[in-house]
>>> print(open('protein13.cif').read())   # mmCIF, C-alpha atoms; chains and numbers go by the auth columns
data_structure
loop_
_atom_site.group_PDB
_atom_site.id
_atom_site.type_symbol
_atom_site.label_atom_id
_atom_site.label_comp_id
_atom_site.label_asym_id
_atom_site.label_seq_id
_atom_site.Cartn_x
_atom_site.Cartn_y
_atom_site.Cartn_z
_atom_site.B_iso_or_equiv
_atom_site.auth_seq_id
_atom_site.auth_asym_id
ATOM 1 C CA ASP A 1 52.869 -56.519 -23.426 0.00 10 A
ATOM 2 C CA GLN A 2 51.357 -53.349 -24.850 0.00 11 A
ATOM 3 C CA GLN A 3 48.131 -54.357 -26.587 0.00 12 A
ATOM 4 C CA VAL A 4 47.353 -50.819 -27.761 0.00 13 A
ATOM 5 C CA LYS A 5 50.236 -48.742 -29.086 0.00 14 A
ATOM 6 C CA GLN A 6 50.559 -45.111 -30.011 0.00 15 A
ATOM 7 C CA ASN A 7 54.047 -44.927 -31.424 0.00 16 A
ATOM 8 C CA SER A 8 54.190 -41.166 -31.872 0.00 17 A
ATOM 9 C CA PRO A 9 54.535 -39.437 -28.504 0.00 18 A
ATOM 10 C CA SER A 10 53.987 -36.033 -30.068 0.00 19 A
ATOM 11 C CA LEU A 11 52.735 -34.303 -33.192 0.00 20 A
ATOM 12 C CA SER A 12 52.909 -30.685 -34.233 0.00 21 A
ATOM 13 C CA VAL A 13 50.503 -29.311 -36.867 0.00 22 A
ATOM 14 C CA GLN A 14 49.743 -25.895 -38.228 0.00 23 A
ATOM 15 C CA GLU A 15 46.293 -24.437 -37.626 0.00 24 A
ATOM 16 C CA GLY A 16 43.917 -25.233 -40.478 0.00 25 A
ATOM 17 C CA ARG A 17 45.843 -28.303 -41.628 0.00 26 A
ATOM 18 C CA ILE A 18 44.968 -31.953 -41.020 0.00 27 A
ATOM 19 C CA SER A 19 46.118 -33.770 -37.886 0.00 28 A
ATOM 20 C CA ILE A 20 46.465 -37.543 -38.161 0.00 29 A
ATOM 21 C CA LEU A 21 46.939 -39.551 -34.998 0.00 30 A
ATOM 22 C CA ASN A 22 47.705 -43.230 -35.276 0.00 31 A
ATOM 23 C CA CYS A 23 47.060 -46.249 -33.097 0.00 32 A
ATOM 24 C CA ASP A 24 47.977 -49.916 -33.522 0.00 33 A
ATOM 25 C CA TYR A 25 46.679 -52.895 -31.604 0.00 34 A
ATOM 26 C CA THR A 26 47.721 -56.511 -31.277 0.00 35 A
ATOM 27 C CA ASN A 27 44.594 -58.237 -29.951 0.00 36 A
ATOM 28 C CA SER A 28 42.399 -59.403 -32.837 0.00 37 A
ATOM 29 C CA MET A 29 39.495 -59.839 -30.385 0.00 38 A
ATOM 30 C CA PHE A 30 39.098 -56.081 -29.934 0.00 39 A
ATOM 31 C CA ASP A 31 35.725 -54.879 -31.242 0.00 40 A
ATOM 32 C CA TYR A 32 35.381 -51.372 -29.861 0.00 41 A
ATOM 33 C CA PHE A 33 37.816 -48.531 -30.360 0.00 42 A
ATOM 34 C CA LEU A 34 37.542 -45.154 -28.697 0.00 43 A
ATOM 35 C CA TRP A 35 39.461 -41.889 -28.806 0.00 44 A
ATOM 36 C CA TYR A 36 39.804 -39.651 -25.803 0.00 45 A
ATOM 37 C CA LYS A 37 41.202 -36.150 -25.499 0.00 46 A
ATOM 38 C CA LYS A 38 42.903 -34.944 -22.342 0.00 47 A
ATOM 39 C CA TYR A 39 43.872 -31.464 -21.211 0.00 48 A
ATOM 40 C CA PRO A 40 46.363 -30.989 -18.349 0.00 49 A
ATOM 41 C CA ALA A 41 44.892 -31.395 -14.853 0.00 50 A
ATOM 42 C CA GLU A 42 41.590 -32.680 -16.263 0.00 51 A
ATOM 43 C CA GLY A 43 40.122 -36.099 -16.850 0.00 52 A
ATOM 44 C CA PRO A 44 39.987 -37.558 -20.359 0.00 53 A
ATOM 45 C CA THR A 45 36.987 -36.604 -22.502 0.00 54 A
ATOM 46 C CA PHE A 46 35.322 -39.047 -24.870 0.00 55 A
ATOM 47 C CA LEU A 47 35.750 -37.865 -28.462 0.00 56 A
ATOM 48 C CA ILE A 48 34.654 -40.470 -30.977 0.00 57 A
ATOM 49 C CA SER A 49 34.493 -44.222 -31.360 0.00 58 A
ATOM 50 C CA ILE A 50 34.151 -46.977 -33.917 0.00 59 A
ATOM 51 C CA SER A 51 33.072 -50.581 -33.715 0.00 60 A
ATOM 52 C CA SER A 52 34.657 -53.355 -35.752 0.00 61 A
ATOM 53 C CA ILE A 53 31.669 -53.647 -38.099 0.00 62 A
ATOM 54 C CA LYS A 54 32.568 -50.250 -39.575 0.00 63 A
ATOM 55 C CA ASP A 55 35.703 -48.876 -41.188 0.00 64 A
ATOM 56 C CA LYS A 56 34.922 -45.186 -40.783 0.00 65 A
ATOM 57 C CA ASN A 57 33.025 -42.934 -38.417 0.00 66 A
ATOM 58 C CA GLU A 58 32.670 -39.169 -38.654 0.00 67 A
ATOM 59 C CA ASP A 59 31.646 -36.531 -36.163 0.00 68 A
ATOM 60 C CA GLY A 60 32.131 -32.979 -37.344 0.00 69 A
ATOM 61 C CA ARG A 61 35.835 -32.273 -37.742 0.00 70 A
ATOM 62 C CA PHE A 62 36.773 -35.707 -36.375 0.00 71 A
ATOM 63 C CA THR A 63 36.934 -38.915 -38.393 0.00 72 A
ATOM 64 C CA VAL A 64 38.179 -42.273 -37.197 0.00 73 A
ATOM 65 C CA PHE A 65 39.317 -44.923 -39.670 0.00 74 A
ATOM 66 C CA LEU A 66 39.700 -48.593 -38.819 0.00 75 A
ATOM 67 C CA ASN A 67 41.787 -51.081 -40.796 0.00 76 A
ATOM 68 C CA LYS A 68 41.133 -54.436 -39.145 0.00 77 A
ATOM 69 C CA SER A 69 43.482 -56.434 -41.345 0.00 78 A
ATOM 70 C CA ALA A 70 46.357 -54.143 -40.380 0.00 79 A
ATOM 71 C CA LYS A 71 45.111 -53.786 -36.779 0.00 80 A
ATOM 72 C CA HIS A 72 45.405 -50.054 -37.180 0.00 81 A
ATOM 73 C CA LEU A 73 43.191 -47.072 -36.531 0.00 82 A
ATOM 74 C CA SER A 74 43.669 -43.381 -37.063 0.00 83 A
ATOM 75 C CA LEU A 75 41.990 -40.181 -35.975 0.00 84 A
ATOM 76 C CA HIS A 76 41.816 -37.340 -38.481 0.00 85 A
ATOM 77 C CA ILE A 77 41.106 -33.799 -37.350 0.00 86 A
ATOM 78 C CA VAL A 78 40.247 -31.373 -40.130 0.00 87 A
ATOM 79 C CA PRO A 79 40.780 -28.472 -39.887 0.00 88 A
ATOM 80 C CA SER A 80 42.996 -28.445 -36.821 0.00 89 A
ATOM 81 C CA GLN A 81 42.436 -25.649 -34.321 0.00 90 A
ATOM 82 C CA PRO A 82 44.607 -24.372 -31.436 0.00 91 A
ATOM 83 C CA GLY A 83 41.976 -25.657 -28.981 0.00 92 A
ATOM 84 C CA ASP A 84 42.692 -29.171 -30.244 0.00 93 A
ATOM 85 C CA SER A 85 46.091 -29.046 -28.541 0.00 94 A
ATOM 86 C CA ALA A 86 45.888 -31.849 -25.987 0.00 95 A
ATOM 87 C CA VAL A 87 46.954 -35.443 -25.393 0.00 96 A
ATOM 88 C CA TYR A 88 44.947 -37.978 -27.392 0.00 97 A
ATOM 89 C CA PHE A 89 44.491 -41.539 -26.209 0.00 98 A
ATOM 90 C CA CYS A 90 43.119 -44.429 -28.176 0.00 99 A
ATOM 91 C CA ALA A 91 41.487 -47.280 -26.285 0.00 100 A
ATOM 92 C CA ALA A 92 40.107 -50.693 -27.202 0.00 101 A
ATOM 93 C CA SER A 93 38.037 -53.498 -25.769 0.00 102 A
ATOM 94 C CA SER A 94 36.434 -56.731 -26.882 0.00 103 A
ATOM 95 C CA SER A 95 32.733 -57.561 -27.050 0.00 104 A
ATOM 96 C CA TYR A 96 33.121 -60.409 -24.536 0.00 105 A
ATOM 97 C CA ASN A 97 34.604 -58.027 -21.954 0.00 106 A
ATOM 98 C CA THR A 98 33.515 -54.604 -23.106 0.00 107 A
ATOM 99 C CA ASP A 99 34.461 -52.700 -19.988 0.00 108 A
ATOM 100 C CA LYS A 100 38.003 -53.977 -19.757 0.00 109 A
ATOM 101 C CA LEU A 101 39.148 -50.961 -21.747 0.00 110 A
ATOM 102 C CA ILE A 102 42.842 -50.896 -22.681 0.00 111 A
ATOM 103 C CA PHE A 103 44.447 -47.521 -23.390 0.00 112 A
ATOM 104 C CA GLY A 104 47.444 -46.548 -25.457 0.00 113 A
ATOM 105 C CA THR A 105 50.187 -44.314 -24.089 0.00 114 A
ATOM 106 C CA GLY A 106 48.885 -41.172 -25.791 0.00 115 A
ATOM 107 C CA THR A 107 50.027 -38.671 -28.414 0.00 116 A
ATOM 108 C CA ARG A 108 50.513 -35.026 -27.524 0.00 117 A
ATOM 109 C CA LEU A 109 49.119 -32.839 -30.310 0.00 118 A
ATOM 110 C CA GLN A 110 50.194 -29.245 -30.596 0.00 119 A
ATOM 111 C CA VAL A 111 48.397 -27.006 -33.084 0.00 120 A
ATOM 112 C CA PHE A 112 50.285 -23.794 -33.764 0.00 121 A
ATOM 113 C CA PRO A 113 49.022 -20.663 -35.533 0.00 122 A
ATOM 114 C CA ASN B 1 24.384 -32.621 -12.358 0.00 14 B
ATOM 115 C CA ALA B 2 27.967 -32.843 -11.079 0.00 15 B
ATOM 116 C CA GLY B 3 29.043 -35.808 -13.263 0.00 16 B
ATOM 117 C CA VAL B 4 31.860 -37.890 -11.753 0.00 17 B
ATOM 118 C CA THR B 5 33.246 -36.443 -8.521 0.00 18 B
ATOM 119 C CA GLN B 6 36.552 -37.596 -7.059 0.00 19 B
ATOM 120 C CA THR B 7 37.861 -36.703 -3.627 0.00 20 B
ATOM 121 C CA PRO B 8 40.407 -35.747 -2.521 0.00 21 B
ATOM 122 C CA LYS B 9 42.115 -33.965 -5.425 0.00 22 B
ATOM 123 C CA PHE B 10 45.552 -34.281 -3.827 0.00 23 B
ATOM 124 C CA GLN B 11 46.910 -36.621 -1.166 0.00 24 B
ATOM 125 C CA VAL B 12 50.300 -37.411 0.335 0.00 25 B
ATOM 126 C CA LEU B 13 50.663 -40.726 2.163 0.00 26 B
ATOM 127 C CA LYS B 14 53.474 -42.369 4.014 0.00 27 B
ATOM 128 C CA THR B 15 54.545 -45.851 2.990 0.00 28 B
ATOM 129 C CA GLY B 16 52.366 -48.433 4.698 0.00 29 B
ATOM 130 C CA GLN B 17 49.403 -46.153 5.320 0.00 30 B
ATOM 131 C CA SER B 18 45.985 -47.034 3.992 0.00 31 B
ATOM 132 C CA MET B 19 43.415 -44.750 2.489 0.00 32 B
ATOM 133 C CA THR B 20 40.286 -44.655 0.361 0.00 33 B
ATOM 134 C CA LEU B 21 39.870 -42.625 -2.793 0.00 34 B
ATOM 135 C CA GLN B 22 36.263 -41.620 -3.191 0.00 35 B
ATOM 136 C CA CYS B 23 34.309 -41.616 -6.428 0.00 36 B
ATOM 137 C CA ALA B 24 30.666 -40.673 -6.846 0.00 37 B
ATOM 138 C CA GLN B 25 28.508 -40.142 -9.922 0.00 38 B
ATOM 139 C CA ASP B 26 25.028 -38.673 -10.128 0.00 39 B
ATOM 140 C CA MET B 27 24.131 -39.838 -13.634 0.00 40 B
ATOM 141 C CA ASN B 28 22.691 -43.223 -12.609 0.00 41 B
ATOM 142 C CA HIS B 29 25.427 -44.979 -14.581 0.00 42 B
ATOM 143 C CA GLU B 30 25.673 -48.726 -14.173 0.00 43 B
ATOM 144 C CA TYR B 31 29.316 -49.090 -15.163 0.00 44 B
ATOM 145 C CA MET B 32 32.246 -47.626 -13.225 0.00 45 B
ATOM 146 C CA SER B 33 36.013 -48.015 -13.428 0.00 46 B
ATOM 147 C CA TRP B 34 39.239 -46.922 -11.803 0.00 47 B
ATOM 148 C CA TYR B 35 42.379 -46.087 -13.776 0.00 48 B
ATOM 149 C CA ARG B 36 45.826 -44.898 -12.900 0.00 49 B
ATOM 150 C CA GLN B 37 47.937 -42.734 -15.153 0.00 50 B
ATOM 151 C CA ASP B 38 51.702 -42.798 -14.974 0.00 51 B
ATOM 152 C CA PRO B 39 54.170 -40.929 -17.222 0.00 52 B
ATOM 153 C CA GLY B 40 54.742 -42.835 -20.467 0.00 53 B
ATOM 154 C CA MET B 41 52.240 -45.538 -19.485 0.00 54 B
ATOM 155 C CA GLY B 42 48.903 -44.120 -20.537 0.00 55 B
ATOM 156 C CA LEU B 43 45.889 -45.095 -18.438 0.00 56 B
ATOM 157 C CA ARG B 44 45.812 -48.551 -16.901 0.00 57 B
ATOM 158 C CA LEU B 45 42.650 -50.185 -15.609 0.00 58 B
ATOM 159 C CA ILE B 46 42.747 -51.135 -11.914 0.00 59 B
ATOM 160 C CA HIS B 47 39.229 -52.415 -11.188 0.00 60 B
ATOM 161 C CA TYR B 48 35.841 -52.034 -12.771 0.00 61 B
ATOM 162 C CA SER B 49 32.202 -52.671 -11.930 0.00 62 B
ATOM 163 C CA VAL B 50 29.265 -53.501 -14.183 0.00 63 B
ATOM 164 C CA GLY B 51 26.674 -52.789 -11.500 0.00 64 B
ATOM 165 C CA ALA B 52 26.068 -52.607 -7.768 0.00 65 B
ATOM 166 C CA GLY B 53 27.576 -55.633 -6.061 0.00 66 B
ATOM 167 C CA ILE B 54 29.648 -56.685 -9.088 0.00 67 B
ATOM 168 C CA THR B 55 33.338 -55.887 -9.474 0.00 68 B
ATOM 169 C CA ASP B 56 36.209 -57.343 -11.458 0.00 69 B
ATOM 170 C CA GLN B 57 39.941 -56.882 -11.825 0.00 70 B
ATOM 171 C CA GLY B 58 41.613 -54.855 -14.516 0.00 71 B
ATOM 172 C CA GLU B 59 45.235 -54.821 -15.675 0.00 72 B
ATOM 173 C CA VAL B 60 46.881 -53.684 -12.433 0.00 73 B
ATOM 174 C CA PRO B 61 44.696 -54.691 -9.454 0.00 74 B
ATOM 175 C CA ASN B 62 47.382 -55.650 -6.919 0.00 75 B
ATOM 176 C CA GLY B 63 47.433 -53.483 -3.813 0.00 76 B
ATOM 177 C CA TYR B 64 43.921 -52.126 -4.383 0.00 77 B
ATOM 178 C CA ASN B 65 40.455 -53.145 -3.230 0.00 78 B
ATOM 179 C CA VAL B 66 37.062 -52.005 -4.434 0.00 79 B
ATOM 180 C CA SER B 67 33.438 -52.555 -3.547 0.00 80 B
ATOM 181 C CA ARG B 68 30.215 -51.309 -5.105 0.00 81 B
ATOM 182 C CA SER B 69 27.413 -51.242 -2.575 0.00 82 B
ATOM 183 C CA THR B 70 25.433 -48.520 -4.378 0.00 83 B
ATOM 184 C CA THR B 71 25.058 -47.443 -7.994 0.00 84 B
ATOM 185 C CA GLU B 72 26.455 -43.992 -7.183 0.00 85 B
ATOM 186 C CA ASP B 73 29.669 -44.792 -5.326 0.00 86 B
ATOM 187 C CA PHE B 74 32.775 -46.771 -6.233 0.00 87 B
ATOM 188 C CA PRO B 75 35.561 -46.232 -3.655 0.00 88 B
ATOM 189 C CA LEU B 76 39.116 -47.428 -4.250 0.00 89 B
ATOM 190 C CA ARG B 77 41.056 -48.610 -1.207 0.00 90 B
ATOM 191 C CA LEU B 78 44.828 -48.712 -0.944 0.00 91 B
ATOM 192 C CA LEU B 79 45.585 -51.343 1.648 0.00 92 B
ATOM 193 C CA SER B 80 49.228 -50.509 2.420 0.00 93 B
ATOM 194 C CA ALA B 81 50.554 -47.662 0.300 0.00 94 B
ATOM 195 C CA ALA B 82 53.837 -48.101 -1.558 0.00 95 B
ATOM 196 C CA PRO B 83 55.896 -45.539 -3.524 0.00 96 B
ATOM 197 C CA SER B 84 55.017 -47.477 -6.698 0.00 97 B
ATOM 198 C CA GLN B 85 51.422 -46.369 -6.174 0.00 98 B
ATOM 199 C CA THR B 86 52.355 -42.743 -6.672 0.00 99 B
ATOM 200 C CA SER B 87 50.167 -41.803 -9.617 0.00 100 B
ATOM 201 C CA VAL B 88 47.152 -39.885 -10.822 0.00 101 B
ATOM 202 C CA TYR B 89 43.966 -41.868 -10.303 0.00 102 B
ATOM 203 C CA PHE B 90 40.882 -41.445 -12.448 0.00 103 B
ATOM 204 C CA CYS B 91 37.407 -42.743 -11.833 0.00 104 B
ATOM 205 C CA ALA B 92 35.016 -43.123 -14.764 0.00 105 B
ATOM 206 C CA SER B 93 31.426 -44.151 -15.376 0.00 106 B
ATOM 207 C CA ARG B 94 29.146 -44.879 -18.308 0.00 107 B
ATOM 208 C CA ARG B 95 25.512 -45.550 -18.947 0.00 108 B
ATOM 209 C CA THR B 96 23.974 -48.829 -20.027 0.00 109 B
ATOM 210 C CA GLY B 97 24.144 -49.392 -23.757 0.00 110 B
ATOM 211 C CA SER B 98 26.881 -49.701 -26.325 0.00 111 B
ATOM 212 C CA LEU B 99 30.327 -48.575 -25.222 0.00 112 B
ATOM 213 C CA ALA B 100 30.851 -47.316 -28.755 0.00 113 B
ATOM 214 C CA ASN B 101 27.876 -44.965 -28.451 0.00 114 B
ATOM 215 C CA TYR B 102 28.492 -43.464 -25.045 0.00 115 B
ATOM 216 C CA GLY B 103 32.042 -44.040 -23.899 0.00 116 B
ATOM 217 C CA TYR B 104 33.093 -43.363 -20.323 0.00 117 B
ATOM 218 C CA THR B 105 32.822 -40.059 -18.464 0.00 118 B
ATOM 219 C CA PHE B 106 35.896 -39.374 -16.355 0.00 119 B
ATOM 220 C CA GLY B 107 36.384 -37.488 -13.137 0.00 120 B
ATOM 221 C CA SER B 108 39.102 -34.859 -12.799 0.00 121 B
ATOM 222 C CA GLY B 109 41.474 -37.154 -10.947 0.00 122 B
ATOM 223 C CA THR B 110 43.242 -37.600 -7.607 0.00 123 B
ATOM 224 C CA ARG B 111 46.982 -36.982 -7.521 0.00 124 B
ATOM 225 C CA LEU B 112 48.495 -39.345 -4.959 0.00 125 B
ATOM 226 C CA THR B 113 52.079 -39.222 -3.717 0.00 126 B
ATOM 227 C CA VAL B 114 53.456 -41.964 -1.480 0.00 127 B
ATOM 228 C CA VAL B 115 56.649 -41.074 0.368 0.00 128 B
#
>>> encode(input="protein13.cif", output="structure tokens")
Amino acid sequence: DQQVKQNSPSLSVQEGRISILNCDYTNSMFDYFLWYKKYPAEGPTFLISISSIKDKNEDGRFTVFLNKSAKHLSLHIVPSQPGDSAVYFCAASSSYNTDKLIFGTGTRLQVFP
Amino acid sequence: NAGVTQTPKFQVLKTGQSMTLQCAQDMNHEYMSWYRQDPGMGLRLIHYSVGAGITDQGEVPNGYNVSRSTTEDFPLRLLSAAPSQTSVYFCASRRTGSLANYGYTFGSGTRLTVV
């Protein structure tokens, strides 16, 4: 039972355009949502997060949107750069068990010139 | 400040052998976790710890043991290796405070092959 789903295994975007990565979840108890970026042969790197009391969080070129009624979140990268090419994972946990972090299967983003 | 250090980086085991994957962090983080990453499966939580002496099971704990005797170290023990445990293992840690603010810092991983 996949509680966190990233239904698009890959995404290809032109440099300078917007990249939108999507994530759906099934557990309504999730309160914290995080995005990680992973390059080959490296560990994941924390990118941005959002808690359930907000519906948007921005950090530079990265914005995460949360739609709790739809159990959906998305990561927007504007403008996309070639260095953004990586695998992106969303992850979620609940406030009663914060560190039991559940990851999605990842979306491979390729940004081409 | 080395962050999260995992050793070894690569390991080949025979079925039935035991071994310990080492994880150390020098950031004085209270929280530590172990994940495995398999193709098409994302990262799955094996065990985690919210402080020295306290551990709990994640999604896929069977076949693995952990202990946390110090804040810095969180070793993962494979009791009797099986081919299904072939994977890339990641250790992670985070500081006290909101998960949403700080997230987890990951090590660079140990690639384990069981033959």
>>> atom_distance(input="protein13.cif", atom1="atom CA of B:Ser31", atom2="atom CA of B:Gln19")
17.3 Å
>>> resolve_selection(input="protein13.cif", expression="the PyMOL selection byres ((chain B and resi 82) around 7)", output="ChimeraX atom specification")
/B:65-66,80-81,83
>>> resolve_selection(input="protein13.cif", expression="the PyMOL selection byres ((chain A) within 7 of (chain B))", output="PyMOL selection string")
chain A and resi 41+51-55+58-60+109+111-115
>>> atom_distance(input="protein13.cif", atom1="atom CA of A:Gln23", atom2="atom CA of A:Pro88")
9.5 Å
>>> residues_around(input="protein13.cif", residues="A:Asn16", least_positions_apart="2", cutoff="8 Å", atoms="all atoms listed in the file", output="CSV table (one decimal) with C-alpha atoms, in the coordinates of the input")
chain,number,residue,atom,x,y,z
A,14,LYS,CA,50.2,-48.7,-29.1
A,18,PRO,CA,54.5,-39.4,-28.5
A,31,ASN,CA,47.7,-43.2,-35.3
A,32,CYS,CA,47.1,-46.2,-33.1
>>> atom_distance(input="protein13.cif", atom1="atom CA of B:Gln98", atom2="atom CA of B:Gln35")
16.2 Å
>>> resolve_selection(input="protein13.cif", expression="the PyMOL selection byres ((chain A and resi 104) around 12)", output="list in words")
Ser37, Met38, Phe39, Asp40, Tyr41, Phe42, Ser60, Ser61, Ile62, Ala101, Ser102, Ser103, Tyr105, Asn106, Thr107, Asp108, Lys109 and Leu110 of chain A; Ser111, Leu112 and Ala113 of chain B
>>> residues_near_point(input="protein13.cif", point="(46.6, -53.1, -40.5)", cutoff="12 Å", atoms="only C-alpha atoms", output="list in words")
Asn31, Cys32, Asp33, Tyr34, Thr35, Asn36, Ser37, Asp64, Phe74, Leu75, Asn76, Lys77, Ser78, Ala79, Lys80, His81, Leu82 and Ser83 of chain A
>>> write_last_selection(input="protein13.cif", atoms="C-alpha atoms", output="compact mmCIF listing (two decimals), in the frame of the given file")
# COMPACT_ATOMS: atom_id res chain seq x y z
CA ASN A 31 47.70 -43.23 -35.28
CA CYS A 32 47.06 -46.25 -33.10
CA ASP A 33 47.98 -49.92 -33.52
CA TYR A 34 46.68 -52.90 -31.60
CA THR A 35 47.72 -56.51 -31.28
CA ASN A 36 44.59 -58.24 -29.95
CA SER A 37 42.40 -59.40 -32.84
CA ASP A 64 35.70 -48.88 -41.19
CA PHE A 74 39.32 -44.92 -39.67
CA LEU A 75 39.70 -48.59 -38.82
CA ASN A 76 41.79 -51.08 -40.80
CA LYS A 77 41.13 -54.44 -39.15
CA SER A 78 43.48 -56.43 -41.34
CA ALA A 79 46.36 -54.14 -40.38
CA LYS A 80 45.11 -53.79 -36.78
CA HIS A 81 45.40 -50.05 -37.18
CA LEU A 82 43.19 -47.07 -36.53
CA SER A 83 43.67 -43.38 -37.06
>>> closest_residue(input="protein13.cif", among="B:Pro74, B:Pro96, B:Gly110, B:Pro88", to="B:Leu34", atoms="only C-alpha atoms")
B:Pro88
>>> closest_residue(input="protein13.cif", among="B:Thr20, B:Val128, B:Arg90, B:Cys36", to="B:Asn75", atoms="all atoms listed in the file")
B:Arg90
>>> residues_around(input="protein13.cif", residues="B:Asp39", least_positions_apart="2", cutoff="8 Å", atoms="only C-alpha atoms", output="JSON, numbers by chain")
{"B": [14, 15, 16, 17, 37, 41, 42, 85]}
>>> residues_around(input="protein13.cif", residues="B:Leu89", least_positions_apart="4", cutoff="6 Å", atoms="all atoms listed in the file", output="list in words")
Thr33, Leu34, Asn78 and Val79 of chain B
>>> residues_around(input="protein13.cif", residues="A:Val87", least_positions_apart="3", cutoff="9 Å", atoms="only C-alpha atoms", output="ChimeraX atom specification")
/A:25-29,69-72,90
>>> closest_residue(input="protein13.cif", among="B:Phe87, B:Val25, B:Thr18, B:Arg49", to="B:Ile67", atoms="all atoms listed in the file")
B:Phe87
>>> closest_residue(input="protein13.cif", among="B:Trp47, B:Thr68, B:Phe23, B:Tyr77", to="B:Ala95", atoms="only C-alpha atoms")
B:Tyr77
>>> residues_near_point(input="protein13.cif", point="(53.6, -52.3, 2.0)", cutoff="8 Å", atoms="only C-alpha atoms", output="list of chain:residue names")
B:Thr28, B:Gly29, B:Ser93, B:Ala94, B:Ala95
>>> axis_aligned_box(input="protein13.cif", around="stretch 33-50 of chain B", padding_each_side="6 Å", output="lines of an AutoDock Vina configuration file")
center_x = 35.3
center_y = -43.9
center_z = -7.4
size_x = 37.2
size_y = 22.4
size_z = 27.5
